[in-house]
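**Student:** What follows is target-v4.txt, made up of compact mmCIF, C-alpha atoms:
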```txt
# COMPACT_ATOMS: atom_id res chain seq x y z
CA MET A 1 0.00 0.00 0.00
CA GLN A 2 2.84 2.40 0.79
CA GLN A 3 4.34 1.81 -2.65
CA GLY A 4 0.96 2.38 -4.25
CA VAL A 5 -1.69 0.28 -5.96
CA LEU A 6 -3.09 0.97 -9.42
CA ALA A 7 -5.77 -1.73 -9.42
CA VAL A 8 -6.73 -5.03 -7.81
CA VAL A 9 -7.59 -8.22 -9.72
CA GLY A 10 -9.45 -11.08 -8.01
CA PRO A 11 -9.67 -12.94 -5.66
CA PRO A 12 -11.69 -15.93 -6.95
CA SER A 13 -13.61 -16.43 -3.69
CA PRO A 14 -16.98 -14.59 -3.68
CA VAL A 15 -16.73 -13.92 0.08
CA ALA A 16 -13.21 -12.51 -0.12
CA SER A 17 -14.22 -10.59 -3.24
CA GLN A 18 -16.88 -8.66 -1.33
CA GLN A 19 -14.34 -7.63 1.31
CA VAL A 20 -11.77 -6.53 -1.26
CA ARG A 21 -14.45 -4.60 -3.16
CA SER A 22 -15.32 -2.67 -0.01
CA VAL A 23 -11.68 -1.65 0.52
CA CYS A 24 -11.25 -0.65 -3.13
CA GLU A 25 -14.41 1.45 -2.99
CA HIS A 26 -13.10 3.20 0.13
CA LEU A 27 -9.78 3.98 -1.55
CA ALA A 28 -11.13 4.63 -5.07
CA VAL A 29 -9.03 1.82 -6.53
CA PRO A 30 -10.35 -0.06 -9.60
CA PHE A 31 -11.33 -3.61 -8.70
CA ILE A 32 -11.57 -6.25 -11.44
CA GLU A 33 -13.64 -9.10 -10.07
CA THR A 34 -13.15 -12.66 -11.26
CA ALA A 35 -15.74 -14.35 -9.01
CA TRP A 36 -19.37 -14.74 -9.99
CA HIS A 37 -21.79 -13.29 -7.47
CA HIS A 38 -25.41 -12.18 -7.32
CA ARG A 39 -24.55 -8.51 -7.67
CA GLY A 40 -24.44 -6.87 -11.05
CA GLY A 41 -21.51 -5.14 -12.72
CA GLY A 42 -19.97 -1.91 -11.49
CA GLY A 43 -22.03 1.22 -11.18
CA GLY A 44 -24.85 -0.13 -9.06
CA GLY A 45 -26.00 -2.90 -11.36
CA GLY A 46 -26.82 -5.36 -8.59
CA LEU A 47 -29.95 -6.26 -6.70
CA GLU A 48 -31.87 -3.55 -4.92
CA GLY A 49 -30.11 -2.88 -1.64
CA ASP A 50 -26.73 -4.18 -2.79
CA ASN A 51 -23.83 -1.90 -1.96
CA GLU A 52 -22.21 -2.14 -5.37
CA GLY A 53 -19.71 0.66 -5.86
CA PRO A 54 -18.66 2.39 -9.07
CA TYR A 55 -15.05 1.20 -8.86
CA SER A 56 -15.59 -2.46 -9.73
CA VAL A 57 -16.05 -4.36 -12.96
CA ASN A 58 -16.77 -8.05 -13.46
CA LEU A 59 -15.97 -10.11 -16.56
CA ASN A 60 -18.48 -12.80 -15.63
CA PRO A 61 -21.85 -12.41 -17.36
CA ASP A 62 -24.44 -10.69 -15.20
CA TYR A 63 -26.70 -13.27 -13.56
CA ARG A 64 -29.79 -11.76 -15.21
CA THR A 65 -28.23 -11.97 -18.66
CA PHE A 66 -27.16 -15.55 -18.04
CA GLY A 67 -30.62 -16.35 -16.70
CA ARG A 68 -32.27 -15.13 -19.89
CA ALA A 69 -29.83 -17.24 -21.89
CA ILE A 70 -30.83 -20.32 -19.87
CA LEU A 71 -34.51 -19.61 -20.51
CA ASP A 72 -33.92 -19.12 -24.25
CA TYR A 73 -31.97 -22.37 -24.42
CA VAL A 74 -34.62 -24.35 -22.53
CA ARG A 75 -37.30 -22.99 -24.86
CA ALA A 76 -35.19 -23.98 -27.86
CA ILE A 77 -35.06 -27.61 -26.72
CA GLY A 78 -38.08 -29.30 -28.20
CA ASP A 79 -38.80 -31.75 -25.38
CA TRP A 80 -38.80 -29.19 -22.53
CA ASP A 81 -42.42 -28.10 -22.11
CA LEU A 82 -42.70 -25.13 -19.73
CA ALA A 83 -46.44 -24.63 -20.25
CA LYS A 84 -49.17 -26.40 -18.32
CA ASN A 85 -49.75 -29.79 -19.83
CA GLU A 86 -51.80 -32.63 -18.39
CA GLY A 87 -49.41 -35.11 -19.93
CA SER A 88 -46.24 -33.54 -18.50
CA HIS A 89 -44.06 -35.76 -16.34
CA GLY A 90 -43.56 -34.02 -13.00
CA GLY A 91 -42.47 -30.65 -14.37
CA VAL A 92 -38.90 -29.35 -13.99
CA ALA A 93 -36.28 -29.74 -11.25
CA ILE A 94 -33.31 -27.58 -10.29
CA VAL A 95 -30.48 -29.23 -8.37
CA TYR A 96 -28.18 -26.61 -6.85
CA LYS A 97 -25.24 -26.41 -4.46
CA ASP A 98 -25.06 -22.71 -3.56
CA PRO A 99 -28.42 -21.00 -2.87
CA ASP A 100 -27.11 -17.71 -4.34
CA THR A 101 -26.87 -19.33 -7.78
CA LEU A 102 -30.65 -19.81 -7.85
CA LEU A 103 -30.87 -16.15 -8.89
CA LYS A 104 -29.73 -17.11 -12.38
CA PHE A 105 -32.94 -19.14 -12.75
CA GLU A 106 -35.25 -16.21 -12.00
CA PRO A 107 -36.31 -15.68 -15.66
CA LEU A 108 -37.06 -19.39 -15.97
CA LEU A 109 -39.03 -19.52 -12.72
CA ASN A 110 -41.08 -16.51 -13.82
CA ALA A 111 -41.90 -18.11 -17.18
CA VAL A 112 -42.53 -21.73 -16.24
CA GLN A 113 -46.11 -22.93 -15.70
CA VAL A 114 -45.35 -26.51 -14.70
CA PRO A 115 -44.30 -27.55 -11.18
CA VAL A 116 -40.68 -26.78 -10.25
CA LEU A 117 -38.86 -28.93 -7.72
CA LEU A 118 -35.83 -27.37 -5.98
CA ARG A 119 -33.33 -29.67 -4.30
CA GLN A 120 -29.97 -28.79 -2.78
CA TRP A 121 -27.06 -31.06 -3.63
CA ARG A 122 -25.73 -32.06 -0.22
CA ARG A 123 -25.00 -35.21 1.72
CA GLN A 124 -27.56 -36.85 3.92
CA ALA A 125 -26.55 -39.89 5.95
CA GLY A 126 -23.24 -39.80 4.07
CA THR A 127 -24.70 -39.99 0.56
CA PHE A 128 -26.21 -37.83 -2.19
CA GLN A 129 -28.56 -40.54 -3.40
CA TYR A 130 -31.53 -39.21 -1.46
CA VAL A 131 -31.62 -36.19 -3.82
CA MET A 132 -31.95 -38.43 -6.84
CA LYS A 133 -34.51 -40.64 -5.08
CA GLU A 134 -36.74 -37.61 -4.53
CA LEU A 135 -36.49 -36.63 -8.19
CA ARG A 136 -37.30 -40.17 -9.26
CA SER A 137 -40.26 -40.39 -6.89
CA ALA A 138 -41.60 -37.09 -8.23
CA LYS A 139 -41.25 -38.42 -11.80
CA VAL A 140 -39.20 -35.41 -12.86
CA TYR A 141 -37.35 -35.95 -16.13
CA LYS A 142 -36.21 -32.42 -17.04
CA ILE A 143 -33.45 -31.38 -14.65
CA LEU A 144 -31.21 -28.30 -14.46
CA VAL A 145 -28.00 -29.03 -12.57
CA ASP A 146 -25.98 -26.22 -10.97
CA ILE A 147 -23.26 -27.90 -8.92
CA PRO A 148 -19.45 -27.59 -8.93
CA THR A 149 -17.67 -29.22 -11.84
CA SER A 150 -15.81 -31.49 -9.44
CA GLU A 151 -19.12 -33.09 -8.41
CA ILE A 152 -20.64 -33.64 -11.85
CA LEU A 153 -19.06 -37.07 -12.26
CA ARG A 154 -20.58 -38.19 -8.95
CA PHE A 155 -23.98 -36.81 -10.01
CA VAL A 156 -23.94 -38.65 -13.34
CA SER A 157 -22.75 -41.88 -11.73
CA ILE A 158 -25.63 -41.83 -9.24
CA ALA A 159 -28.12 -40.96 -11.99
CA LYS A 160 -27.00 -43.94 -14.04
CA LEU A 161 -26.99 -46.24 -11.01
CA MET A 162 -30.59 -45.27 -10.24
CA ASN A 163 -31.75 -45.75 -13.85
CA MET A 164 -32.30 -42.02 -14.33
CA THR A 165 -30.57 -41.82 -17.70
CA THR A 166 -33.41 -43.09 -19.86
CA THR A 167 -34.54 -41.54 -23.12
CA TYR A 168 -37.11 -39.56 -21.13
CA HIS A 169 -34.43 -37.78 -19.09
CA SER A 170 -32.80 -34.50 -20.06
CA TYR A 171 -30.12 -32.69 -18.06
CA ILE A 172 -28.74 -29.17 -18.55
CA PHE A 173 -25.59 -28.31 -16.57
CA THR A 174 -25.62 -24.58 -15.84
CA SER A 175 -22.40 -24.22 -13.85
CA TRP A 176 -19.23 -23.40 -15.75
CA ASP A 177 -16.96 -26.09 -17.20
CA ALA A 178 -19.17 -29.17 -17.37
CA GLN A 179 -17.65 -29.73 -20.83
CA ARG A 180 -14.27 -30.34 -19.16
CA ILE A 181 -15.58 -33.64 -17.76
CA ASP A 182 -15.28 -36.59 -20.14
CA LEU A 183 -18.54 -38.51 -19.76
CA SER A 184 -18.27 -40.42 -23.03
CA LYS A 185 -17.28 -43.68 -21.32
CA TYR A 186 -20.63 -43.71 -19.53
CA GLN A 187 -22.33 -44.07 -22.92
CA LEU A 188 -25.10 -41.78 -21.80
CA ILE A 189 -25.60 -40.67 -25.37
CA LYS A 190 -27.59 -43.85 -25.91
CA SER A 191 -30.18 -42.63 -23.46
CA ALA A 192 -30.45 -39.31 -21.61
CA ASN A 193 -29.78 -36.00 -23.29
CA MET A 194 -27.10 -33.95 -21.52
CA SER A 195 -25.96 -30.46 -22.46
CA THR A 196 -24.27 -27.39 -21.03
CA LEU A 197 -23.63 -23.70 -21.73
CA SER A 198 -20.12 -22.27 -21.81
CA LEU A 199 -18.07 -19.15 -22.49
CA MET A 200 -15.14 -21.33 -23.49
CA PRO A 201 -14.43 -23.24 -26.71
CA ILE A 202 -13.88 -26.98 -26.62
CA LEU A 203 -10.28 -27.90 -27.40
CA ARG A 204 -8.74 -31.34 -27.67
CA SER A 205 -5.38 -32.09 -26.07
CA ASN A 206 -3.52 -31.49 -29.35
CA GLU A 207 -5.20 -28.13 -30.01
CA ARG A 208 -4.05 -24.72 -28.78
CA TYR A 209 -5.80 -21.53 -27.71
CA ASN A 210 -3.52 -19.51 -30.00
CA VAL A 211 -3.20 -16.65 -27.53
CA SER A 212 0.27 -17.08 -26.03
CA GLN A 213 2.63 -19.74 -24.74
CA ARG A 214 1.94 -18.54 -21.21
CA VAL A 215 -1.67 -19.60 -21.65
CA GLU A 216 -0.57 -23.07 -22.74
CA ASN A 217 1.77 -23.31 -19.75
CA MET A 218 -1.05 -22.27 -17.42
CA ARG A 219 -3.31 -24.84 -19.07
CA GLU A 220 -0.82 -27.66 -18.44
CA GLU A 221 -0.16 -26.65 -14.84
CA ILE A 222 -3.86 -26.50 -13.97
CA PHE A 223 -4.55 -29.83 -15.65
CA ASN A 224 -1.64 -31.55 -13.91
CA VAL A 225 -2.88 -30.38 -10.51
CA GLN A 226 -6.60 -30.99 -10.99
CA SER A 227 -6.31 -34.33 -12.79
CA ARG A 228 -4.72 -35.85 -9.69
CA ARG A 229 -7.81 -35.15 -7.61
CA GLY A 230 -9.87 -38.22 -6.85
CA ASN A 231 -13.25 -36.66 -7.63
CA TYR A 232 -12.35 -36.49 -11.34
CA SER A 233 -11.28 -40.17 -11.50
CA GLY A 234 -9.21 -39.60 -14.63
CA ASN A 235 -12.14 -38.07 -16.52
CA LEU A 236 -10.89 -34.47 -16.68
CA THR A 237 -9.98 -33.13 -20.13
CA ASN A 238 -7.10 -30.74 -20.71
CA MET A 239 -9.04 -27.51 -21.18
CA LEU A 240 -8.76 -24.26 -19.27
CA PRO A 241 -11.39 -23.69 -16.58
CA THR A 242 -13.50 -20.58 -17.06
CA GLN A 243 -12.22 -19.00 -13.85
CA ALA A 244 -8.61 -19.17 -15.07
CA ALA A 245 -9.62 -17.76 -18.45
CA THR A 246 -11.55 -14.94 -16.76
CA LEU A 247 -8.51 -14.12 -14.64
CA PHE A 248 -6.33 -13.98 -17.76
CA ASP A 249 -8.82 -11.73 -19.54
CA SER A 250 -8.98 -9.49 -16.46
CA LEU A 251 -5.25 -8.88 -16.79
CA ILE A 252 -5.76 -8.14 -20.49
CA LEU A 253 -8.46 -5.64 -19.54
CA LEU A 254 -6.10 -3.97 -17.08
CA ALA A 255 -3.33 -3.87 -19.70
CA HIS A 256 -5.71 -2.17 -22.13
CA GLY A 257 -6.63 0.46 -19.55
CA LEU A 258 -3.02 1.15 -18.63
CA GLU A 259 -2.01 1.45 -22.28
CA ARG A 260 -4.80 3.94 -23.00
CA MET A 261 -4.00 5.89 -19.85
CA ALA A 262 -0.26 5.98 -20.60
CA ASN A 263 -0.98 7.41 -24.04
CA ALA A 264 -2.96 10.24 -22.47
CA ARG A 265 -0.87 11.05 -19.40
CA SER A 266 2.06 9.87 -17.34
CA ILE A 267 1.20 7.17 -14.83
CA GLN A 268 2.39 7.86 -11.32
CA VAL A 269 1.65 5.36 -8.58
CA GLN A 270 0.91 7.12 -5.31
CA PRO A 271 0.85 5.58 -1.83
CA LEU A 272 -2.60 4.79 -0.48
CA LYS A 273 -3.70 5.52 3.06
CA CYS A 274 -6.82 4.12 4.67
CA SER A 275 -7.13 7.34 6.66
CA ALA A 276 -7.50 9.37 3.45
CA PRO A 277 -10.28 7.77 1.39
CA ARG A 278 -11.02 8.66 -2.22
CA GLN A 279 -7.64 10.32 -2.69
CA ASN A 280 -6.85 8.28 -5.80
CA ALA A 281 -8.12 10.57 -8.55
CA ARG A 282 -6.59 8.34 -11.22
CA GLY A 283 -8.69 5.36 -10.13
CA ALA A 284 -11.84 6.45 -11.93
CA THR A 285 -9.82 7.48 -14.98
CA LEU A 286 -8.14 4.09 -15.24
CA LEU A 287 -11.46 2.31 -14.79
CA ASN A 288 -13.05 4.34 -17.59
CA TYR A 289 -10.16 3.46 -19.89
CA MET A 290 -10.63 -0.22 -19.05
CA ARG A 291 -14.35 0.00 -19.72
CA SER A 292 -13.63 1.49 -23.15
CA MET A 293 -12.28 -1.84 -24.35
CA THR A 294 -14.03 -3.28 -27.42
CA SER A 295 -13.58 -6.24 -29.72
CA GLU A 296 -11.55 -3.95 -31.99
CA SER A 297 -8.99 -3.06 -29.31
CA GLY A 298 -6.53 -5.63 -30.64
CA PHE A 299 -6.13 -7.69 -27.45
CA ALA A 300 -6.53 -11.47 -27.69
CA THR A 301 -8.84 -12.86 -24.98
CA LEU A 302 -9.96 -16.34 -23.96
CA THR A 303 -13.63 -15.76 -23.13
CA GLY A 304 -14.51 -13.82 -26.24
CA PRO A 305 -14.87 -10.07 -26.83
CA VAL A 306 -14.76 -7.89 -23.71
CA GLU A 307 -17.26 -5.05 -23.91
CA PHE A 308 -19.60 -3.34 -21.44
CA ASP A 309 -23.07 -1.84 -21.65
CA ALA A 310 -24.31 1.42 -20.11
CA GLN A 311 -24.64 -0.25 -16.67
CA TRP A 312 -21.04 -1.54 -16.91
CA ARG A 313 -22.22 -5.12 -17.31
CA ARG A 314 -20.39 -7.32 -19.75
CA SER A 315 -22.11 -7.42 -23.14
CA ASN A 316 -21.61 -8.84 -26.62
CA PHE A 317 -20.30 -12.18 -25.39
CA THR A 318 -21.15 -15.61 -26.77
CA LEU A 319 -22.50 -18.59 -24.85
CA VAL A 320 -22.09 -21.88 -26.69
CA ALA A 321 -24.36 -24.88 -26.08
CA TYR A 322 -22.58 -28.24 -26.05
CA GLU A 323 -24.33 -31.61 -26.14
CA LEU A 324 -22.92 -34.91 -24.94
CA THR A 325 -22.02 -37.28 -27.78
CA ARG A 326 -19.96 -40.44 -28.15
CA ALA A 327 -16.85 -38.26 -28.30
CA GLY A 328 -17.78 -36.20 -25.23
CA PHE A 329 -19.32 -32.73 -25.26
CA ASN A 330 -19.46 -31.17 -28.72
```
Since I need it in another form, could you write the structure as structure tokens?

**Tutor:**
Amino acid sequence: MQQGVLAVVGPPSPVASQQVRSVCEHLAVPFIETAWHHRGGGGGGGLEGDNEGPYSVNLNPDYRTFGRAILDYVRAIGDWDLAKNEGSHGGVAIVYKDPDTLLKFEPLLNAVQVPVLLRQWRRQAGTFQYVMKELRSAKVYKILVDIPTSEILRFVSIAKLMNMTTTYHSYIFTSWDAQRIDLSKYQLIKSANMSTLSLMPILRSNERYNVSQRVENMREEIFNVQSRRGNYSGNLTNMLPTQAATLFDSLILLAHGLERMANARSIQVQPLKCSAPRQNARGATLLNYMRSMTSESGFATLTGPVEFDAQWRRSNFTLVAYELTRAGFN
């Protein structure tokens, strides 16, 4: 702090992110968030009552935008009937881990006319099977799954064990990076339909992101660490997780802002003191330069073009739908 801080990037934890955001707001330091949370982008784009300051920006899609994308995708799938229908099987279910993530389903919940069953993915008596038993008893066949990537393999294994991967079943994974899990060996493509939405492209082990060698090095390091974890059981593919890609793009965003600012004025880093809030006049200037980034800025990113709307929420990004096939998600 005594040497000065131009901006803060991260941390990935939503809880820690809120604390860092508060400090940055107090000191007028730009804060580039990499964690998804239920607040909107910078400039007060969150829920009513949220204390979202004007000094933060988040490269994750706003939960409302993502929620509308989920609704559009569900409507586009022919066998998901959201209207009242006497012949419908039990309606729709949402299996979630973190209650905050339910906010992304608000557009869907407002539009659906069939029963919706909400079940939290947590252990009971040492097992998760009770969740699946309740879904089976309710005769629910259309299920949205929002659980950590590291638990998807367990979820699918239990679903198959309990004969919940029939041709009637359809699963949509709405948490990031489901496509990184190789489910092809479960041969679920012969029965249940499984799909996911992603900011990231699917790359095979022999393909590159064509951004920089540092990205490829980061990709290998993350894969080597995560693939040794038991909950993946050797079914993790060598693709970058969205959080790592968002962190990389956050640094690109900062580099863009610093370049624009350096072209306009000399950059001098001044010490920051907690006793003298809002003394960093360059903070707002740097943030505005960062927010001016467009797809034509010439910076290569991993999660697609980085642009912002009038509420400083990320806009003009692409979500890709992947469906499970014999070769994995495609």

**Student:** With a distance cut-off of 6 Å and all atoms listed in the file, select the neighbouring residues of stretch 169-178 of chain A, excluding the residue or stretch itself and same-chain residues fewer than 4 positions from it, and output the selection as an MDAnalysis selection string.

**Tutor:** chainID A and resid 141:146 149 165 192:196

**Student:** Do you have the atom CA of A:Phe329-atom CA of A:Leu153 distance handy?

**Tutor:**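 Straight-line distance from atom CA of A:Phe329 to atom CA of A:Leu153 works out to 13.7 Å.
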
**Student:** One number please: atom CA of A:Ala83 to atom CA of A:Ala111, in Å, one decimal.

**Tutor:**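 Here the two named atoms are 8.5 Å from each other.
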
**Student:** Where does stretch 295-324 of chain A meet stretch 52-68 of chain A within 7 Å, residue by residue, with the nearest atom pair and distance in Å to one decimal for each, counting only C-alpha atoms, listed by chain and rising number, as a tab-separated table?

**Tutor:**
```
residue	atom	partner	partner_atom	distance
A:Trp312	CA	A:Val57	CA	7.0
A:Arg313	CA	A:Asp62	CA	6.4
A:Arg314	CA	A:Pro61	CA	5.8
```

**Student:** In Å, rounded to a single decimal, give me how far atom CA of A:Lys97 is from atom CA of A:Ala125.

**Tutor:** 17.1 Å

**Student:** Need the shell around A:Asn263: protein/DNA/RNA residues with any atom at most 12 Å away, counting only C-alpha atoms. Skip same-chain ones fewer than 6 positions apart. Format as a PDB file with C-alpha atoms, in the frame of the given file?

**Tutor:**
```pdb
ATOM      1  CA  HIS A 256      -5.710  -2.170 -22.130  1.00  0.00           C
ATOM      2  CA  GLY A 257      -6.630   0.460 -19.550  1.00  0.00           C
ATOM      3  CA  LEU A 286      -8.140   4.090 -15.240  1.00  0.00           C
ATOM      4  CA  TYR A 289     -10.160   3.460 -19.890  1.00  0.00           C
TER       5      TYR A 289
END
```

**Student:** I need the residue nearest A:Ser184 from this list: A:Ser315, A:Gln268, A:Thr237, A:Asn288. Use all atoms listed in the file for the distance.

**Tutor:**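 Of A:Ser315, A:Gln268, A:Thr237, A:Asn288, the one nearest A:Ser184 is A:Thr237, counting all atoms listed in the file.
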
**Student:** List the spatial neighbours of A:Leu82 as a PyMOL selection string - criterion: any atom at most 10 Å away, only C-alpha atoms, same-chain residues fewer than 5 positions off excluded.

**Tutor:** chain A and resi 71+74-75+88+91-92+108-109+111-116

**Student:** Need the neighbours of (-10.2, -6.2, -4.8): which residues are at most 8 Å away, counting all atoms listed in the file, as an NGL selection string?

**Tutor:** :A and (7-11 or 17-24 or 30-33)

**Student:** Neighbours of A:Lys139 within 9 Å (only C-alpha atoms; same-chain residues fewer than 3 positions away dropped), as a PyMOL selection string?

**Tutor:** chain A and resi 89-91+134-136

**Student:** Tell me, as a list in words, which residues lie within 12 Å of A:Asn238, counting all atoms listed in the file; anything in the same chain fewer than 3 positions away does not count.

**Tutor:** Asp177, Gln179, Arg180, Ile181, Asp182, Ile202, Leu203, Arg204, Ser205, Asn206, Glu207, Arg208, Tyr209, Glu216, Asn217, Met218, Arg219, Glu220, Glu221, Ile222, Phe223, Asn224, Val225, Gln226, Ser227, Gly234, Asn235 and Pro241 of chain A

**Student:** May I ask which of the residues A:Pro201, A:Gly126, A:Pro12, A:Pro107 is the closest one to A:Val320, counting all atoms listed in the file?

**Tutor:** A:Pro201

**Student:** Which one is closest to A:Phe155: A:Leu118, A:Val95, A:Ala28, A:Leu199? Count only C-alpha atoms.

**Tutor:**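 The shortest atom-to-atom distance to A:Phe155 comes from A:Val95.
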
**Student:** Select, from A:Ala76, A:Ala93, A:Ala245, A:Leu236, the residue with the minimum atom-to-atom distance to A:Glu151, counting only C-alpha atoms.

**Tutor:**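 Checking each of A:Ala76, A:Ala93, A:Ala245, A:Leu236 against A:Glu151, counting only C-alpha atoms, the winner is A:Leu236.
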